[in-house]
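Student: Structure provided below as structure tokens; questions to follow.
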Amino acid sequence: MQCLKPELTKETWCRSPATKHVFSWSLLQVTRPWLGQHLERILPPSLLLSDDYRTENKMLGVQCLHHIVCNVPAADLCQFNRVQVVYHALSNHLYSKEAPLMQVVLPCLLDLLPIVEKAPQQPAHKSRPAAPWDEVLRLVLTHMEGEHQLALRRVYAKSLPAFVERLGIRVACHLKRLQQVIVGYLEVADGPEEEARLAILETLKQTIQHAWPRMSCRLAILLQALLRLMWDVTTDQSPTPEPVKAALLQGATDCLILLDRCSQGQVKALLQGVYRSCPDEHLKEYLRKVQEEPASSLSA
């Protein structure tokens with residue numbers, strides 16, 4: 001790293017394209033606990049790469065930053081406000097429309113945010129400043145609502161369950177926006193593998209489990225969205241593989257069971273009429289699973 005330092009400054013690193021690959025390869029070979037002692041040498045070049053205008057350099061820089069976050073002690077990252085510098089560098093990438101870049105940025109943020117949250121904060125003028133987790137999830141949900149690129153929708157959807165899991169009960173603060181995203185994504189098929197809709201069903205399951213007391217008032221909208229999804233899947237004539245269709249139907253069924261548990265049996269009562277009038281026997285099998293599920297409560 002000492003030998004590479006003169007070639008990794010803001011003025012010189014572009015002149016030797018091979019240097020960035022030597023740097024990143026060397027960095028990835030060093031792990032905890034030895035990486036921390038080199039933090040002053042490795043952090044500036046990583047930030048420099050992530051701030052470049054080329055996507056490939058941004059991705060390389062973010063991958064280096066992710067390795068640093070995972071292998072340097074949190075106390076070292078918090079010194080001299082380094083963790084805030086990395087956080088703001090990654091936050092700027094959240095406005096990107098490039099799916100490959102977002103695919104490396106979001107996992108890095110998921111590992112960085114617990115450190116940012118524990119870092120000493122400057123005194124704020126507001127009584128309750130927004131936490132980093134809330135800021136990032138709010139921005140991600142905003143981008144998800146208006147996103148039309150299937151590749152980017154898949155990347156966002158795959159990251160959402162981890163955000164909900166990390167936030168826990170605090171996800172209740174985002175239920176209105178989260179419900180809009182979930183319903184909107186369940187309506188749109190995204191290709192043979194249905195990666196986005198499967199991830200959104202997992203997000204809904206996590207949300208119900210963590211924020212179950214707030215689900216009863218959203219029951220009608222979520223129930224309608226899930227039943228529409230199940231009907232669309234069972235009547236779908238596209239070349240979607242049968243295992244994928246089965247996974248979608250099972251995921252929707254699991255969500256219905258969880259909704260029934262947190263609504264004291266309201267879902268079963270509402271599904272009785274749907275079950276009797278349903279013309280598709282395959283769909284009725286999944287509805288029967290909900291009806292036959294033993295009554296229980298998520299609060300138990």
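Letters for chains follow the order of the structure tokens (A, B, ...), residue numbers begin at 1 for each chain, and ligand numbers begin at 1 in the order shown.
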Using DSSP on the backbone coordinates, identify the residues of region 157-290 of chain A assigned to alpha helix (DSSP H); present them as a compact mmCIF listing (two decimals) with N, CA, C and O atoms, in the first residue's frame.
Tutor:
# COMPACT_ATOMS: atom_id res chain seq x y z
N ALA A 157 -36.14 -4.51 -4.64
CA ALA A 157 -37.02 -5.47 -3.95
C ALA A 157 -36.22 -6.49 -3.15
O ALA A 157 -36.61 -6.85 -2.03
N LYS A 158 -35.09 -6.95 -3.70
CA LYS A 158 -34.28 -7.94 -2.99
C LYS A 158 -33.67 -7.38 -1.72
O LYS A 158 -33.40 -8.13 -0.76
N SER A 159 -33.42 -6.08 -1.68
CA SER A 159 -32.80 -5.48 -0.49
C SER A 159 -33.83 -5.14 0.59
O SER A 159 -33.47 -4.98 1.76
N LEU A 160 -35.09 -5.05 0.22
CA LEU A 160 -36.11 -4.57 1.15
C LEU A 160 -36.33 -5.48 2.36
O LEU A 160 -36.48 -4.98 3.49
N PRO A 161 -36.36 -6.82 2.21
CA PRO A 161 -36.54 -7.66 3.41
C PRO A 161 -35.47 -7.43 4.47
O PRO A 161 -35.77 -7.44 5.67
N ALA A 162 -34.23 -7.20 4.05
CA ALA A 162 -33.15 -6.97 5.02
C ALA A 162 -33.36 -5.66 5.76
O ALA A 162 -33.10 -5.56 6.97
N PHE A 163 -33.85 -4.63 5.06
CA PHE A 163 -34.13 -3.35 5.72
C PHE A 163 -35.23 -3.52 6.77
O PHE A 163 -35.12 -3.01 7.88
N VAL A 164 -36.30 -4.23 6.40
CA VAL A 164 -37.41 -4.44 7.34
C VAL A 164 -36.95 -5.25 8.55
O VAL A 164 -37.28 -4.95 9.70
N GLU A 165 -36.13 -6.28 8.31
CA GLU A 165 -35.63 -7.13 9.39
C GLU A 165 -34.75 -6.31 10.34
O GLU A 165 -34.85 -6.45 11.56
N ARG A 166 -33.88 -5.46 9.80
CA ARG A 166 -33.00 -4.66 10.64
C ARG A 166 -33.78 -3.61 11.44
O ARG A 166 -33.44 -3.30 12.58
N LEU A 167 -34.82 -3.02 10.82
CA LEU A 167 -35.59 -1.98 11.51
C LEU A 167 -36.48 -2.56 12.61
O LEU A 167 -36.72 -1.91 13.62
N LEU A 175 -45.10 2.40 7.35
CA LEU A 175 -46.10 1.47 6.82
C LEU A 175 -46.88 2.03 5.64
O LEU A 175 -47.21 1.29 4.70
N LYS A 176 -47.19 3.31 5.67
CA LYS A 176 -47.99 3.88 4.58
C LYS A 176 -47.25 3.78 3.25
O LYS A 176 -47.81 3.29 2.26
N ARG A 177 -45.98 4.21 3.23
CA ARG A 177 -45.19 4.14 2.01
C ARG A 177 -44.89 2.69 1.64
O ARG A 177 -44.91 2.31 0.47
N LEU A 178 -44.61 1.87 2.64
CA LEU A 178 -44.28 0.48 2.40
C LEU A 178 -45.46 -0.26 1.79
O LEU A 178 -45.30 -1.08 0.88
N GLN A 179 -46.67 0.02 2.28
CA GLN A 179 -47.86 -0.62 1.73
C GLN A 179 -48.04 -0.25 0.26
O GLN A 179 -48.37 -1.11 -0.57
N GLN A 180 -47.82 1.01 -0.09
CA GLN A 180 -47.97 1.44 -1.48
C GLN A 180 -46.98 0.70 -2.38
O GLN A 180 -47.33 0.27 -3.49
N VAL A 181 -45.74 0.55 -1.90
CA VAL A 181 -44.73 -0.15 -2.69
C VAL A 181 -45.09 -1.62 -2.84
O VAL A 181 -45.01 -2.19 -3.94
N ILE A 182 -45.48 -2.26 -1.75
CA ILE A 182 -45.82 -3.68 -1.79
C ILE A 182 -46.97 -3.95 -2.76
O ILE A 182 -46.89 -4.84 -3.62
N VAL A 183 -48.03 -3.18 -2.65
CA VAL A 183 -49.20 -3.38 -3.52
C VAL A 183 -48.82 -3.12 -4.97
O VAL A 183 -49.19 -3.88 -5.88
N GLY A 184 -48.05 -2.05 -5.22
CA GLY A 184 -47.66 -1.72 -6.59
C GLY A 184 -46.78 -2.79 -7.21
O GLY A 184 -46.94 -3.13 -8.39
N TYR A 185 -45.84 -3.34 -6.45
CA TYR A 185 -44.93 -4.35 -7.00
C TYR A 185 -45.61 -5.69 -7.17
O TYR A 185 -45.24 -6.46 -8.07
N LEU A 186 -46.60 -6.01 -6.35
CA LEU A 186 -47.31 -7.27 -6.52
C LEU A 186 -48.15 -7.28 -7.79
O LEU A 186 -48.48 -8.35 -8.32
N GLU A 195 -38.37 -12.49 -9.56
CA GLU A 195 -37.52 -12.19 -8.41
C GLU A 195 -38.08 -11.05 -7.56
O GLU A 195 -38.04 -11.10 -6.32
N ALA A 196 -38.61 -10.00 -8.23
CA ALA A 196 -39.11 -8.85 -7.49
C ALA A 196 -40.34 -9.21 -6.65
O ALA A 196 -40.43 -8.86 -5.47
N ARG A 197 -41.30 -9.91 -7.26
CA ARG A 197 -42.53 -10.23 -6.51
C ARG A 197 -42.26 -11.22 -5.38
O ARG A 197 -42.87 -11.12 -4.31
N LEU A 198 -41.34 -12.16 -5.59
CA LEU A 198 -41.00 -13.08 -4.50
C LEU A 198 -40.35 -12.32 -3.34
O LEU A 198 -40.64 -12.59 -2.17
N ALA A 199 -39.48 -11.36 -3.66
CA ALA A 199 -38.84 -10.57 -2.61
C ALA A 199 -39.84 -9.68 -1.89
O ALA A 199 -39.76 -9.48 -0.67
N ILE A 200 -40.82 -9.15 -2.63
CA ILE A 200 -41.84 -8.29 -2.01
C ILE A 200 -42.74 -9.11 -1.09
O ILE A 200 -43.16 -8.64 -0.02
N LEU A 201 -43.05 -10.35 -1.47
CA LEU A 201 -43.83 -11.22 -0.57
C LEU A 201 -43.06 -11.49 0.71
O LEU A 201 -43.64 -11.51 1.81
N GLU A 202 -41.75 -11.69 0.61
CA GLU A 202 -40.92 -11.88 1.80
C GLU A 202 -40.91 -10.61 2.64
O GLU A 202 -40.95 -10.67 3.88
N THR A 203 -40.88 -9.45 1.99
CA THR A 203 -40.95 -8.17 2.70
C THR A 203 -42.26 -8.05 3.46
O THR A 203 -42.27 -7.61 4.62
N LEU A 204 -43.35 -8.43 2.81
CA LEU A 204 -44.66 -8.34 3.47
C LEU A 204 -44.71 -9.27 4.68
O LEU A 204 -45.24 -8.89 5.74
N LYS A 205 -44.16 -10.47 4.55
CA LYS A 205 -44.15 -11.38 5.70
C LYS A 205 -43.37 -10.78 6.86
O LYS A 205 -43.82 -10.83 8.01
N GLN A 206 -42.21 -10.22 6.57
CA GLN A 206 -41.40 -9.60 7.62
C GLN A 206 -42.15 -8.43 8.25
O GLN A 206 -42.12 -8.25 9.48
N THR A 207 -42.81 -7.65 7.42
CA THR A 207 -43.55 -6.48 7.93
C THR A 207 -44.68 -6.90 8.85
O THR A 207 -44.89 -6.30 9.92
N ILE A 208 -45.42 -7.92 8.44
CA ILE A 208 -46.54 -8.39 9.28
C ILE A 208 -46.02 -8.90 10.62
O ILE A 208 -46.61 -8.62 11.68
N GLN A 209 -44.92 -9.64 10.60
CA GLN A 209 -44.37 -10.20 11.83
C GLN A 209 -43.88 -9.13 12.79
O GLN A 209 -44.02 -9.27 14.00
N HIS A 210 -43.31 -8.05 12.25
CA HIS A 210 -42.74 -7.01 13.12
C HIS A 210 -43.77 -5.96 13.52
O HIS A 210 -43.67 -5.39 14.61
N LEU A 219 -55.94 -4.40 6.35
CA LEU A 219 -56.30 -5.75 5.94
C LEU A 219 -56.96 -5.78 4.58
O LEU A 219 -56.62 -6.61 3.72
N ALA A 220 -57.91 -4.89 4.34
CA ALA A 220 -58.69 -4.93 3.09
C ALA A 220 -57.79 -4.74 1.87
O ALA A 220 -57.89 -5.48 0.88
N ILE A 221 -56.89 -3.76 1.93
CA ILE A 221 -56.02 -3.46 0.78
C ILE A 221 -55.04 -4.61 0.53
O ILE A 221 -54.85 -5.04 -0.61
N LEU A 222 -54.43 -5.12 1.61
CA LEU A 222 -53.46 -6.20 1.44
C LEU A 222 -54.13 -7.49 0.99
O LEU A 222 -53.58 -8.23 0.16
N LEU A 223 -55.31 -7.78 1.52
CA LEU A 223 -56.04 -8.99 1.13
C LEU A 223 -56.40 -8.93 -0.36
O LEU A 223 -56.24 -9.92 -1.09
N GLN A 224 -56.86 -7.78 -0.81
CA GLN A 224 -57.21 -7.62 -2.23
C GLN A 224 -55.98 -7.81 -3.11
O GLN A 224 -56.06 -8.48 -4.16
N ALA A 225 -54.85 -7.24 -2.71
CA ALA A 225 -53.62 -7.36 -3.51
C ALA A 225 -53.14 -8.80 -3.58
O ALA A 225 -52.70 -9.27 -4.64
N LEU A 226 -53.21 -9.51 -2.46
CA LEU A 226 -52.74 -10.90 -2.44
C LEU A 226 -53.64 -11.81 -3.26
O LEU A 226 -53.17 -12.69 -4.00
N LEU A 227 -54.96 -11.62 -3.16
CA LEU A 227 -55.89 -12.45 -3.93
C LEU A 227 -55.76 -12.16 -5.43
O LEU A 227 -55.84 -13.08 -6.26
N ARG A 228 -55.55 -10.90 -5.79
CA ARG A 228 -55.34 -10.57 -7.20
C ARG A 228 -54.08 -11.25 -7.72
O ARG A 228 -54.06 -11.77 -8.84
N LEU A 229 -53.01 -11.22 -6.91
CA LEU A 229 -51.77 -11.89 -7.30
C LEU A 229 -52.00 -13.38 -7.51
O LEU A 229 -51.56 -13.95 -8.53
N MET A 230 -52.70 -14.02 -6.59
CA MET A 230 -52.92 -15.46 -6.69
C MET A 230 -53.76 -15.81 -7.92
O MET A 230 -53.49 -16.80 -8.61
N TRP A 231 -54.74 -14.97 -8.21
CA TRP A 231 -55.56 -15.23 -9.40
C TRP A 231 -54.74 -15.04 -10.67
O TRP A 231 -54.83 -15.84 -11.61
N ASP A 232 -53.93 -13.99 -10.72
CA ASP A 232 -53.09 -13.74 -11.89
C ASP A 232 -52.11 -14.89 -12.13
O ASP A 232 -51.85 -15.28 -13.27
N VAL A 233 -51.55 -15.42 -11.06
CA VAL A 233 -50.56 -16.50 -11.19
C VAL A 233 -51.23 -17.78 -11.68
O VAL A 233 -50.71 -18.47 -12.56
N THR A 234 -52.38 -18.11 -11.12
CA THR A 234 -53.05 -19.36 -11.52
C THR A 234 -53.60 -19.31 -12.94
O THR A 234 -53.74 -20.34 -13.60
N GLU A 242 -43.22 -23.61 -13.48
CA GLU A 242 -44.19 -24.01 -12.45
C GLU A 242 -43.65 -23.86 -11.02
O GLU A 242 -44.39 -23.46 -10.13
N PRO A 243 -42.36 -24.17 -10.77
CA PRO A 243 -41.85 -23.96 -9.40
C PRO A 243 -41.91 -22.49 -8.96
O PRO A 243 -42.14 -22.21 -7.78
N VAL A 244 -41.74 -21.56 -9.90
CA VAL A 244 -41.82 -20.14 -9.58
C VAL A 244 -43.27 -19.77 -9.24
O VAL A 244 -43.54 -19.05 -8.28
N LYS A 245 -44.21 -20.28 -10.04
CA LYS A 245 -45.62 -20.02 -9.74
C LYS A 245 -46.00 -20.60 -8.38
O LYS A 245 -46.72 -19.94 -7.60
N ALA A 246 -45.51 -21.79 -8.09
CA ALA A 246 -45.81 -22.41 -6.79
C ALA A 246 -45.23 -21.58 -5.65
O ALA A 246 -45.86 -21.43 -4.59
N ALA A 247 -44.02 -21.03 -5.84
CA ALA A 247 -43.40 -20.21 -4.80
C ALA A 247 -44.19 -18.93 -4.57
O ALA A 247 -44.37 -18.49 -3.42
N LEU A 248 -44.71 -18.32 -5.64
CA LEU A 248 -45.54 -17.12 -5.50
C LEU A 248 -46.83 -17.44 -4.74
O LEU A 248 -47.23 -16.70 -3.83
N LEU A 249 -47.47 -18.53 -5.12
CA LEU A 249 -48.73 -18.90 -4.46
C LEU A 249 -48.50 -19.25 -2.99
O LEU A 249 -49.30 -18.86 -2.12
N GLN A 250 -47.41 -19.94 -2.70
CA GLN A 250 -47.12 -20.31 -1.33
C GLN A 250 -46.77 -19.07 -0.50
O GLN A 250 -47.17 -18.93 0.65
N GLY A 251 -46.01 -18.15 -1.11
CA GLY A 251 -45.67 -16.91 -0.41
C GLY A 251 -46.90 -16.09 -0.09
O GLY A 251 -47.03 -15.55 1.02
N ALA A 252 -47.82 -15.99 -1.05
CA ALA A 252 -49.07 -15.26 -0.80
C ALA A 252 -49.90 -15.96 0.26
O ALA A 252 -50.53 -15.30 1.12
N THR A 253 -49.92 -17.29 0.24
CA THR A 253 -50.66 -18.05 1.26
C THR A 253 -50.09 -17.81 2.65
O THR A 253 -50.83 -17.62 3.62
N ASP A 254 -48.77 -17.80 2.76
CA ASP A 254 -48.14 -17.53 4.05
C ASP A 254 -48.51 -16.14 4.57
O ASP A 254 -48.76 -15.96 5.78
N CYS A 255 -48.57 -15.17 3.66
CA CYS A 255 -48.96 -13.82 4.07
C CYS A 255 -50.41 -13.79 4.55
O CYS A 255 -50.74 -13.11 5.54
N LEU A 256 -51.28 -14.51 3.86
CA LEU A 256 -52.69 -14.57 4.29
C LEU A 256 -52.83 -15.20 5.67
O LEU A 256 -53.63 -14.75 6.50
N ILE A 257 -52.06 -16.24 5.92
CA ILE A 257 -52.10 -16.90 7.24
C ILE A 257 -51.64 -15.94 8.33
O ILE A 257 -52.25 -15.85 9.41
N LEU A 258 -50.57 -15.20 8.07
CA LEU A 258 -50.07 -14.23 9.06
C LEU A 258 -51.08 -13.11 9.28
O LEU A 258 -51.28 -12.67 10.42
N LEU A 259 -51.71 -12.65 8.19
CA LEU A 259 -52.73 -11.60 8.33
C LEU A 259 -53.92 -12.11 9.14
O LEU A 259 -54.51 -11.36 9.94
N ASP A 260 -54.27 -13.38 8.95
CA ASP A 260 -55.38 -13.95 9.72
C ASP A 260 -55.05 -14.01 11.21
O ASP A 260 -55.90 -13.73 12.06
N ARG A 261 -53.79 -14.34 11.52
CA ARG A 261 -53.38 -14.43 12.92
C ARG A 261 -53.41 -13.08 13.62
O ARG A 261 -53.79 -12.99 14.79
N CYS A 262 -53.01 -12.03 12.89
CA CYS A 262 -52.96 -10.72 13.54
C CYS A 262 -54.30 -9.99 13.48
O CYS A 262 -54.44 -8.90 14.04
N GLN A 266 -60.18 -12.68 10.95
CA GLN A 266 -61.00 -11.95 9.97
C GLN A 266 -60.75 -12.44 8.55
O GLN A 266 -61.67 -12.44 7.72
N VAL A 267 -59.53 -12.84 8.24
CA VAL A 267 -59.21 -13.29 6.89
C VAL A 267 -60.00 -14.55 6.55
O VAL A 267 -60.56 -14.67 5.45
N LYS A 268 -60.05 -15.50 7.47
CA LYS A 268 -60.81 -16.73 7.21
C LYS A 268 -62.28 -16.43 6.94
O LYS A 268 -62.90 -17.03 6.05
N ALA A 269 -62.83 -15.50 7.71
CA ALA A 269 -64.24 -15.14 7.51
C ALA A 269 -64.46 -14.50 6.14
O ALA A 269 -65.44 -14.81 5.45
N LEU A 270 -63.53 -13.63 5.74
CA LEU A 270 -63.66 -12.96 4.44
C LEU A 270 -63.43 -13.91 3.27
O LEU A 270 -63.99 -13.72 2.18
N LEU A 271 -62.62 -14.95 3.48
CA LEU A 271 -62.29 -15.87 2.39
C LEU A 271 -63.37 -16.93 2.15
O LEU A 271 -63.31 -17.63 1.14
N GLN A 272 -64.32 -17.05 3.05
CA GLN A 272 -65.35 -18.09 2.87
C GLN A 272 -66.13 -17.89 1.58
O GLN A 272 -66.32 -18.83 0.79
N GLY A 273 -66.54 -16.64 1.32
CA GLY A 273 -67.27 -16.37 0.09
C GLY A 273 -66.39 -16.51 -1.13
O GLY A 273 -66.84 -17.01 -2.18
N VAL A 274 -65.13 -16.11 -1.03
CA VAL A 274 -64.19 -16.24 -2.15
C VAL A 274 -63.98 -17.71 -2.48
O VAL A 274 -63.95 -18.09 -3.66
N TYR A 275 -63.83 -18.53 -1.46
CA TYR A 275 -63.59 -19.95 -1.68
C TYR A 275 -64.77 -20.61 -2.39
O TYR A 275 -64.59 -21.42 -3.31
N ARG A 276 -65.99 -20.26 -1.98
CA ARG A 276 -67.18 -20.89 -2.58
C ARG A 276 -67.35 -20.49 -4.04
O ARG A 276 -67.80 -21.28 -4.87
N SER A 277 -66.99 -19.26 -4.38
CA SER A 277 -67.21 -18.77 -5.75
C SER A 277 -66.00 -18.94 -6.66
O SER A 277 -66.08 -18.62 -7.85
N GLU A 281 -59.71 -24.82 -9.29
CA GLU A 281 -59.45 -25.80 -8.23
C GLU A 281 -58.04 -25.67 -7.66
O GLU A 281 -57.82 -25.90 -6.46
N HIS A 282 -57.09 -25.31 -8.50
CA HIS A 282 -55.71 -25.16 -8.02
C HIS A 282 -55.61 -24.02 -7.02
O HIS A 282 -54.96 -24.14 -5.97
N LEU A 283 -56.28 -22.92 -7.30
CA LEU A 283 -56.29 -21.79 -6.37
C LEU A 283 -57.02 -22.15 -5.08
O LEU A 283 -56.61 -21.74 -3.98
N LYS A 284 -58.08 -22.92 -5.20
CA LYS A 284 -58.84 -23.31 -4.01
C LYS A 284 -58.00 -24.15 -3.04
O LYS A 284 -58.23 -24.12 -1.83
N GLU A 285 -57.03 -24.89 -3.59
CA GLU A 285 -56.15 -25.66 -2.71
C GLU A 285 -55.38 -24.75 -1.75
O GLU A 285 -55.23 -25.06 -0.56
N TYR A 286 -54.90 -23.61 -2.27
CA TYR A 286 -54.14 -22.68 -1.43
C TYR A 286 -55.06 -21.94 -0.47
O TYR A 286 -54.69 -21.68 0.69
N LEU A 287 -56.27 -21.60 -0.93
CA LEU A 287 -57.23 -20.96 -0.03
C LEU A 287 -57.64 -21.90 1.09
O LEU A 287 -57.87 -21.48 2.23
N ARG A 288 -57.69 -23.20 0.77
CA ARG A 288 -58.05 -24.19 1.78
C ARG A 288 -56.97 -24.27 2.87
O ARG A 288 -57.27 -24.48 4.04
N LYS A 289 -55.72 -24.08 2.48
CA LYS A 289 -54.64 -24.08 3.48
C LYS A 289 -54.84 -22.98 4.51
O LYS A 289 -54.58 -23.17 5.70
N VAL A 290 -55.30 -21.82 4.04
CA VAL A 290 -55.55 -20.71 4.97
C VAL A 290 -56.71 -21.06 5.89
O VAL A 290 -56.65 -20.84 7.11
Student: From the set A:Leu39, A:Ala131, A:Val188, A:Leu152, which residue has the shortest atom-to-atom contact distance to Gln79 (chain A), counting only C-alpha atoms?
Tutor: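 Among the listed residues, A:Leu39 lies closest to Gln79 (chain A).
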Student: Please, what distance in Å, to one decimal, runs between CA of Leu27 (chain A) and CA of Val62 (chain A)?
Tutor: 12.5 Å
Student: Considering only C-alpha atoms, state which residue in the set A:Asp236, A:Leu43, A:Cys108, A:Val155 is at the smallest distance from Ala189 (chain A).
Tutor: A:Asp236
Student: Which polymer residues have any atom within 10 Å of an atom of region 87-103 of chain A, counting only C-alpha atoms, with same-chain residues fewer than 4 positions away left out, as a count of residues only?
Tutor: 39
